[in-house]
>>> print(open('start-v6.pdb').read())   # PDB, N, CA and C atoms, pLDDT in the B column
ATOM      1  N   MET A1343      -7.909-122.606   2.502  1.00 81.00           N
ATOM      2  CA  MET A1343      -7.597-122.071   1.191  1.00 81.00           C
ATOM      3  C   MET A1343      -8.566-120.942   0.859  1.00 81.00           C
ATOM      4  N   ASN A1344      -8.027-119.874   0.370  1.00 89.00           N
ATOM      5  CA  ASN A1344      -8.835-118.729  -0.047  1.00 89.00           C
ATOM      6  C   ASN A1344      -9.089-118.841  -1.553  1.00 89.00           C
ATOM      7  N   PRO A1345     -10.351-119.052  -1.974  1.00 89.00           N
ATOM      8  CA  PRO A1345     -10.639-119.232  -3.394  1.00 89.00           C
ATOM      9  C   PRO A1345     -10.472-117.960  -4.231  1.00 89.00           C
ATOM     10  N   TYR A1346     -10.183-116.847  -3.584  1.00 93.00           N
ATOM     11  CA  TYR A1346      -9.999-115.583  -4.304  1.00 93.00           C
ATOM     12  C   TYR A1346      -8.529-115.178  -4.373  1.00 93.00           C
ATOM     13  N   ASP A1347      -7.657-115.957  -3.785  1.00 95.00           N
ATOM     14  CA  ASP A1347      -6.232-115.627  -3.728  1.00 95.00           C
ATOM     15  C   ASP A1347      -5.458-116.574  -4.642  1.00 95.00           C
ATOM     16  N   GLU A1348      -4.793-116.023  -5.655  1.00 96.00           N
ATOM     17  CA  GLU A1348      -4.073-116.842  -6.622  1.00 96.00           C
ATOM     18  C   GLU A1348      -3.008-117.715  -5.961  1.00 96.00           C
ATOM     19  N   SER A1349      -2.303-117.168  -4.990  1.00 95.00           N
ATOM     20  CA  SER A1349      -1.264-117.942  -4.316  1.00 95.00           C
ATOM     21  C   SER A1349      -1.859-119.122  -3.550  1.00 95.00           C
ATOM     22  N   SER A1350      -2.987-118.890  -2.924  1.00 95.00           N
ATOM     23  CA  SER A1350      -3.650-119.949  -2.179  1.00 95.00           C
ATOM     24  C   SER A1350      -4.144-121.045  -3.118  1.00 95.00           C
ATOM     25  N   ILE A1351      -4.691-120.652  -4.251  1.00 95.00           N
ATOM     26  CA  ILE A1351      -5.159-121.631  -5.237  1.00 95.00           C
ATOM     27  C   ILE A1351      -3.984-122.449  -5.762  1.00 95.00           C
ATOM     28  N   ALA A1352      -2.896-121.764  -6.093  1.00 96.00           N
ATOM     29  CA  ALA A1352      -1.702-122.454  -6.595  1.00 96.00           C
ATOM     30  C   ALA A1352      -1.163-123.429  -5.554  1.00 96.00           C
ATOM     31  N   GLU A1353      -1.155-123.025  -4.296  1.00 96.00           N
ATOM     32  CA  GLU A1353      -0.681-123.898  -3.222  1.00 96.00           C
ATOM     33  C   GLU A1353      -1.555-125.153  -3.117  1.00 96.00           C
ATOM     34  N   GLY A1354      -2.862-124.967  -3.201  1.00 95.00           N
ATOM     35  CA  GLY A1354      -3.775-126.101  -3.150  1.00 95.00           C
ATOM     36  C   GLY A1354      -3.589-127.045  -4.321  1.00 95.00           C
ATOM     37  N   MET A1355      -3.393-126.497  -5.495  1.00 96.00           N
ATOM     38  CA  MET A1355      -3.154-127.331  -6.676  1.00 96.00           C
ATOM     39  C   MET A1355      -1.846-128.101  -6.532  1.00 96.00           C
ATOM     40  N   TRP A1356      -0.816-127.444  -6.013  1.00 97.00           N
ATOM     41  CA  TRP A1356       0.471-128.104  -5.808  1.00 97.00           C
ATOM     42  C   TRP A1356       0.330-129.261  -4.823  1.00 97.00           C
ATOM     43  N   LYS A1357      -0.438-129.042  -3.756  1.00 96.00           N
ATOM     44  CA  LYS A1357      -0.655-130.109  -2.782  1.00 96.00           C
ATOM     45  C   LYS A1357      -1.316-131.323  -3.436  1.00 96.00           C
ATOM     46  N   LEU A1358      -2.295-131.077  -4.305  1.00 94.00           N
ATOM     47  CA  LEU A1358      -2.968-132.181  -4.986  1.00 94.00           C
ATOM     48  C   LEU A1358      -2.025-132.919  -5.930  1.00 94.00           C
ATOM     49  N   LEU A1359      -1.156-132.173  -6.582  1.00 96.00           N
ATOM     50  CA  LEU A1359      -0.221-132.791  -7.525  1.00 96.00           C
ATOM     51  C   LEU A1359       0.872-133.595  -6.839  1.00 96.00           C
ATOM     52  N   THR A1360       1.227-133.207  -5.640  1.00 97.00           N
ATOM     53  CA  THR A1360       2.358-133.833  -4.959  1.00 97.00           C
ATOM     54  C   THR A1360       1.959-134.781  -3.832  1.00 97.00           C
ATOM     55  N   ASN A1361       0.701-134.788  -3.444  1.00 97.00           N
ATOM     56  CA  ASN A1361       0.255-135.636  -2.337  1.00 97.00           C
ATOM     57  C   ASN A1361      -0.826-136.581  -2.848  1.00 97.00           C
ATOM     58  N   ARG A1362      -0.416-137.772  -3.237  1.00 96.00           N
ATOM     59  CA  ARG A1362      -1.360-138.748  -3.813  1.00 96.00           C
ATOM     60  C   ARG A1362      -2.432-139.166  -2.803  1.00 96.00           C
ATOM     61  N   GLU A1363      -2.059-139.241  -1.539  1.00 97.00           N
ATOM     62  CA  GLU A1363      -3.033-139.619  -0.514  1.00 97.00           C
ATOM     63  C   GLU A1363      -4.138-138.578  -0.400  1.00 97.00           C
ATOM     64  N   LEU A1364      -3.763-137.311  -0.385  1.00 96.00           N
ATOM     65  CA  LEU A1364      -4.752-136.234  -0.328  1.00 96.00           C
ATOM     66  C   LEU A1364      -5.632-136.255  -1.571  1.00 96.00           C
ATOM     67  N   ALA A1365      -5.027-136.442  -2.728  1.00 96.00           N
ATOM     68  CA  ALA A1365      -5.800-136.493  -3.973  1.00 96.00           C
ATOM     69  C   ALA A1365      -6.799-137.645  -3.936  1.00 96.00           C
ATOM     70  N   ALA A1366      -6.380-138.800  -3.426  1.00 97.00           N
ATOM     71  CA  ALA A1366      -7.279-139.953  -3.340  1.00 97.00           C
ATOM     72  C   ALA A1366      -8.426-139.685  -2.357  1.00 97.00           C
ATOM     73  N   GLU A1367      -8.112-139.072  -1.230  1.00 97.00           N
ATOM     74  CA  GLU A1367      -9.145-138.750  -0.233  1.00 97.00           C
ATOM     75  C   GLU A1367     -10.181-137.790  -0.812  1.00 97.00           C
ATOM     76  N   LEU A1368      -9.698-136.758  -1.492  1.00 96.00           N
ATOM     77  CA  LEU A1368     -10.620-135.770  -2.054  1.00 96.00           C
ATOM     78  C   LEU A1368     -11.424-136.347  -3.214  1.00 96.00           C
ATOM     79  N   THR A1369     -10.815-137.236  -3.974  1.00 96.00           N
ATOM     80  CA  THR A1369     -11.544-137.902  -5.054  1.00 96.00           C
ATOM     81  C   THR A1369     -12.676-138.742  -4.472  1.00 96.00           C
ATOM     82  N   GLN A1370     -12.386-139.506  -3.437  1.00 97.00           N
ATOM     83  CA  GLN A1370     -13.414-140.333  -2.793  1.00 97.00           C
ATOM     84  C   GLN A1370     -14.514-139.458  -2.202  1.00 97.00           C
ATOM     85  N   ALA A1371     -14.131-138.357  -1.571  1.00 97.00           N
ATOM     86  CA  ALA A1371     -15.128-137.434  -1.014  1.00 97.00           C
ATOM     87  C   ALA A1371     -16.017-136.871  -2.119  1.00 97.00           C
ATOM     88  N   GLY A1372     -15.445-136.626  -3.283  1.00 96.00           N
ATOM     89  CA  GLY A1372     -16.226-136.139  -4.418  1.00 96.00           C
ATOM     90  C   GLY A1372     -17.247-137.162  -4.881  1.00 96.00           C
ATOM     91  N   TYR A1373     -16.824-138.436  -4.935  1.00 96.00           N
ATOM     92  CA  TYR A1373     -17.757-139.499  -5.313  1.00 96.00           C
ATOM     93  C   TYR A1373     -18.894-139.623  -4.310  1.00 96.00           C
ATOM     94  N   GLU A1374     -18.609-139.456  -3.057  1.00 96.00           N
ATOM     95  CA  GLU A1374     -19.653-139.508  -2.026  1.00 96.00           C
ATOM     96  C   GLU A1374     -20.588-138.303  -2.150  1.00 96.00           C
ATOM     97  N   ASN A1375     -20.018-137.139  -2.400  1.00 94.00           N
ATOM     98  CA  ASN A1375     -20.800-135.905  -2.495  1.00 94.00           C
ATOM     99  C   ASN A1375     -21.774-135.939  -3.669  1.00 94.00           C
ATOM    100  N   VAL A1376     -21.349-136.512  -4.781  1.00 93.00           N
ATOM    101  CA  VAL A1376     -22.190-136.521  -5.976  1.00 93.00           C
ATOM    102  C   VAL A1376     -23.463-137.348  -5.768  1.00 93.00           C
ATOM    103  N   LYS A1377     -23.465-138.247  -4.816  1.00 91.00           N
ATOM    104  CA  LYS A1377     -24.651-139.056  -4.526  1.00 91.00           C
ATOM    105  C   LYS A1377     -25.814-138.208  -4.019  1.00 91.00           C
ATOM    106  N   ARG A1378     -25.507-136.993  -3.550  1.00 90.00           N
ATOM    107  CA  ARG A1378     -26.566-136.111  -3.047  1.00 90.00           C
ATOM    108  C   ARG A1378     -27.399-135.516  -4.167  1.00 90.00           C
ATOM    109  N   PHE A1379     -26.940-135.621  -5.410  1.00 90.00           N
ATOM    110  CA  PHE A1379     -27.581-134.950  -6.526  1.00 90.00           C
ATOM    111  C   PHE A1379     -28.138-135.948  -7.538  1.00 90.00           C
ATOM    112  N   SER A1380     -29.255-135.582  -8.153  1.00 93.00           N
ATOM    113  CA  SER A1380     -29.821-136.393  -9.234  1.00 93.00           C
ATOM    114  C   SER A1380     -30.635-135.462 -10.137  1.00 93.00           C
ATOM    115  N   TRP A1381     -30.787-135.895 -11.389  1.00 93.00           N
ATOM    116  CA  TRP A1381     -31.607-135.104 -12.309  1.00 93.00           C
ATOM    117  C   TRP A1381     -33.052-135.081 -11.832  1.00 93.00           C
ATOM    118  N   GLU A1382     -33.508-136.206 -11.280  1.00 93.00           N
ATOM    119  CA  GLU A1382     -34.890-136.272 -10.800  1.00 93.00           C
ATOM    120  C   GLU A1382     -35.127-135.250  -9.686  1.00 93.00           C
ATOM    121  N   ARG A1383     -34.257-135.221  -8.697  1.00 91.00           N
ATOM    122  CA  ARG A1383     -34.421-134.277  -7.579  1.00 91.00           C
ATOM    123  C   ARG A1383     -34.277-132.837  -8.062  1.00 91.00           C
ATOM    124  N   SER A1384     -33.363-132.603  -8.985  1.00 93.00           N
ATOM    125  CA  SER A1384     -33.182-131.252  -9.523  1.00 93.00           C
ATOM    126  C   SER A1384     -34.445-130.777 -10.240  1.00 93.00           C
ATOM    127  N   SER A1385     -35.059-131.663 -11.028  1.00 93.00           N
ATOM    128  CA  SER A1385     -36.271-131.265 -11.744  1.00 93.00           C
ATOM    129  C   SER A1385     -37.429-131.039 -10.778  1.00 93.00           C
ATOM    130  N   GLU A1386     -37.505-131.867  -9.722  1.00 92.00           N
ATOM    131  CA  GLU A1386     -38.554-131.664  -8.717  1.00 92.00           C
ATOM    132  C   GLU A1386     -38.391-130.313  -8.036  1.00 92.00           C
ATOM    133  N   ARG A1387     -37.173-130.005  -7.666  1.00 93.00           N
ATOM    134  CA  ARG A1387     -36.910-128.726  -6.971  1.00 93.00           C
ATOM    135  C   ARG A1387     -37.207-127.547  -7.895  1.00 93.00           C
ATOM    136  N   LEU A1388     -36.811-127.649  -9.156  1.00 93.00           N
ATOM    137  CA  LEU A1388     -37.084-126.577 -10.109  1.00 93.00           C
ATOM    138  C   LEU A1388     -38.589-126.384 -10.277  1.00 93.00           C
ATOM    139  N   SER A1389     -39.339-127.472 -10.355  1.00 91.00           N
ATOM    140  CA  SER A1389     -40.797-127.378 -10.466  1.00 91.00           C
ATOM    141  C   SER A1389     -41.403-126.688  -9.248  1.00 91.00           C
ATOM    142  N   GLU A1390     -40.890-127.024  -8.060  1.00 91.00           N
ATOM    143  CA  GLU A1390     -41.374-126.378  -6.839  1.00 91.00           C
ATOM    144  C   GLU A1390     -41.139-124.873  -6.880  1.00 91.00           C
ATOM    145  N   ILE A1391     -39.962-124.481  -7.315  1.00 91.00           N
ATOM    146  CA  ILE A1391     -39.615-123.054  -7.377  1.00 91.00           C
ATOM    147  C   ILE A1391     -40.500-122.337  -8.386  1.00 91.00           C
ATOM    148  N   ILE A1392     -40.687-122.939  -9.557  1.00 90.00           N
ATOM    149  CA  ILE A1392     -41.515-122.313 -10.595  1.00 90.00           C
ATOM    150  C   ILE A1392     -42.947-122.161 -10.108  1.00 90.00           C
ATOM    151  N   GLU A1393     -43.496-123.216  -9.502  1.00 87.00           N
ATOM    152  CA  GLU A1393     -44.866-123.138  -8.993  1.00 87.00           C
ATOM    153  C   GLU A1393     -45.009-122.063  -7.930  1.00 87.00           C
ATOM    154  N   LYS A1394     -44.043-121.983  -7.044  1.00 87.00           N
ATOM    155  CA  LYS A1394     -44.091-120.976  -5.985  1.00 87.00           C
ATOM    156  C   LYS A1394     -44.005-119.565  -6.571  1.00 87.00           C
ATOM    157  N   GLU A1395     -43.071-119.357  -7.467  1.00 85.00           N
ATOM    158  CA  GLU A1395     -42.879-118.019  -8.030  1.00 85.00           C
ATOM    159  C   GLU A1395     -43.988-117.638  -8.995  1.00 85.00           C
ATOM    160  N   ALA A1396     -44.550-118.595  -9.701  1.00 84.00           N
ATOM    161  CA  ALA A1396     -45.638-118.303 -10.636  1.00 84.00           C
ATOM    162  C   ALA A1396     -46.871-117.824  -9.880  1.00 84.00           C
ATOM    163  N   GLY A1397     -47.079-118.324  -8.680  1.00 76.00           N
ATOM    164  CA  GLY A1397     -48.228-117.927  -7.883  1.00 76.00           C
ATOM    165  C   GLY A1397     -48.000-116.674  -7.067  1.00 76.00           C
ATOM    166  N   HIS A1398     -46.768-116.240  -6.982  1.00 66.00           N
ATOM    167  CA  HIS A1398     -46.416-115.072  -6.169  1.00 66.00           C
ATOM    168  C   HIS A1398     -46.940-113.798  -6.819  1.00 66.00           C
ATOM    169  N   GLY A1399     -47.863-113.142  -6.154  1.00 58.00           N
ATOM    170  CA  GLY A1399     -48.384-111.872  -6.661  1.00 58.00           C
ATOM    171  C   GLY A1399     -49.272-112.011  -7.875  1.00 58.00           C
ATOM    172  N   LEU A1400     -49.809-113.194  -8.098  1.00 54.00           N
ATOM    173  CA  LEU A1400     -50.609-113.444  -9.287  1.00 54.00           C
ATOM    174  C   LEU A1400     -51.858-112.578  -9.319  1.00 54.00           C
ATOM    175  N   ASP A1401     -52.498-112.359  -8.174  1.00 56.00           N
ATOM    176  CA  ASP A1401     -53.726-111.569  -8.134  1.00 56.00           C
ATOM    177  C   ASP A1401     -53.500-110.151  -8.636  1.00 56.00           C
ATOM    178  N   GLU A1402     -52.344-109.576  -8.310  1.00 56.00           N
ATOM    179  CA  GLU A1402     -52.075-108.207  -8.732  1.00 56.00           C
ATOM    180  C   GLU A1402     -51.565-108.140 -10.171  1.00 56.00           C
ATOM    181  N   ALA A1403     -50.919-109.205 -10.642  1.00 55.00           N
ATOM    182  CA  ALA A1403     -50.274-109.176 -11.952  1.00 55.00           C
ATOM    183  C   ALA A1403     -51.255-109.389 -13.093  1.00 55.00           C
ATOM    184  N   ILE A1404     -52.288-110.207 -12.874  1.00 59.00           N
ATOM    185  CA  ILE A1404     -53.211-110.556 -13.961  1.00 59.00           C
ATOM    186  C   ILE A1404     -54.626-110.176 -13.542  1.00 59.00           C
ATOM    187  N   PRO A1405     -55.226-109.258 -14.266  1.00 63.00           N
ATOM    188  CA  PRO A1405     -56.596-108.882 -13.909  1.00 63.00           C
ATOM    189  C   PRO A1405     -57.570-110.010 -14.252  1.00 63.00           C
ATOM    190  N   PRO A1406     -58.677-110.124 -13.519  1.00 63.00           N
ATOM    191  CA  PRO A1406     -59.670-111.158 -13.799  1.00 63.00           C
ATOM    192  C   PRO A1406     -60.252-110.967 -15.198  1.00 63.00           C
ATOM    193  N   VAL A1407     -60.600-112.096 -15.832  1.00 66.00           N
ATOM    194  CA  VAL A1407     -61.199-112.061 -17.171  1.00 66.00           C
ATOM    195  C   VAL A1407     -62.709-112.093 -17.028  1.00 66.00           C
ATOM    196  N   ASP A1408     -63.382-111.180 -17.680  1.00 66.00           N
ATOM    197  CA  ASP A1408     -64.844-111.116 -17.652  1.00 66.00           C
ATOM    198  C   ASP A1408     -65.401-111.124 -16.245  1.00 66.00           C
ATOM    199  N   GLY A1409     -64.733-110.452 -15.320  1.00 60.00           N
ATOM    200  CA  GLY A1409     -65.205-110.331 -13.952  1.00 60.00           C
ATOM    201  C   GLY A1409     -65.020-111.573 -13.109  1.00 60.00           C
ATOM    202  N   GLU A1410     -64.335-112.595 -13.622  1.00 56.00           N
ATOM    203  CA  GLU A1410     -64.109-113.809 -12.843  1.00 56.00           C
ATOM    204  C   GLU A1410     -63.026-113.592 -11.804  1.00 56.00           C
ATOM    205  N   ASP A1411     -63.180-114.276 -10.684  1.00 55.00           N
ATOM    206  CA  ASP A1411     -62.140-114.271  -9.664  1.00 55.00           C
ATOM    207  C   ASP A1411     -61.077-115.295 -10.035  1.00 55.00           C
ATOM    208  N   LEU A1412     -59.846-114.987  -9.657  1.00 49.00           N
ATOM    209  CA  LEU A1412     -58.763-115.943  -9.923  1.00 49.00           C
ATOM    210  C   LEU A1412     -58.657-116.951  -8.845  1.00 49.00           C
TER     211      LEU A1412
END
>>> encode(input="start-v6.pdb", output="structure tokens")
Amino acid sequence: MNPYDESSIAEGMWKLLTNRELAAELTQAGYENVKRFSWERSSERLSEIIEKEAGHGLDEAIPPVDGEDL
């Protein structure tokens, strides 16, 4: 299925509406897929990204205060 082609999207939607077995399979796959995600893991990953980016180029971005090294 091409996610940028209206005809392809319509065809996929029609298949889901008319094929209960396919809809059930994809629903179950969705339930399995969602187990990969959690708010805890998302917050940990966001913290990692912020810490990494906050330290990126810090020496050049902020001059030392009163001659102190950063």
>>> atom_distance(input="start-v6.pdb", atom1="atom N of A:Met1343", atom2="atom N of A:Trp1356")
12.1 Å
>>> atom_distance(input="start-v6.pdb", atom1="atom CA of A:Tyr1346", atom2="atom N of A:Thr1369")
21.7 Å
>>> axis_aligned_box(input="start-v6.pdb", around="stretch 1362-1366 of chain A", padding_each_side="6 Å", output="JSON")
{"center_x": -4.4, "center_y": -138.1, "center_z": -2.2, "size_x": 20.0, "size_y": 15.7, "size_z": 15.6}
>>> atom_distance(input="start-v6.pdb", atom1="atom N of A:Arg1387", atom2="atom N of A:Pro1345")
29.5 Å
>>> select_by_dssp(input="start-v6.pdb", residues="stretch 1343-1409 of chain A", states="helix (DSSP H, G or I)", output="NGL selection string")
:A and (1348-1360 or 1362-1376 or 1381-1397 or 1400-1403)
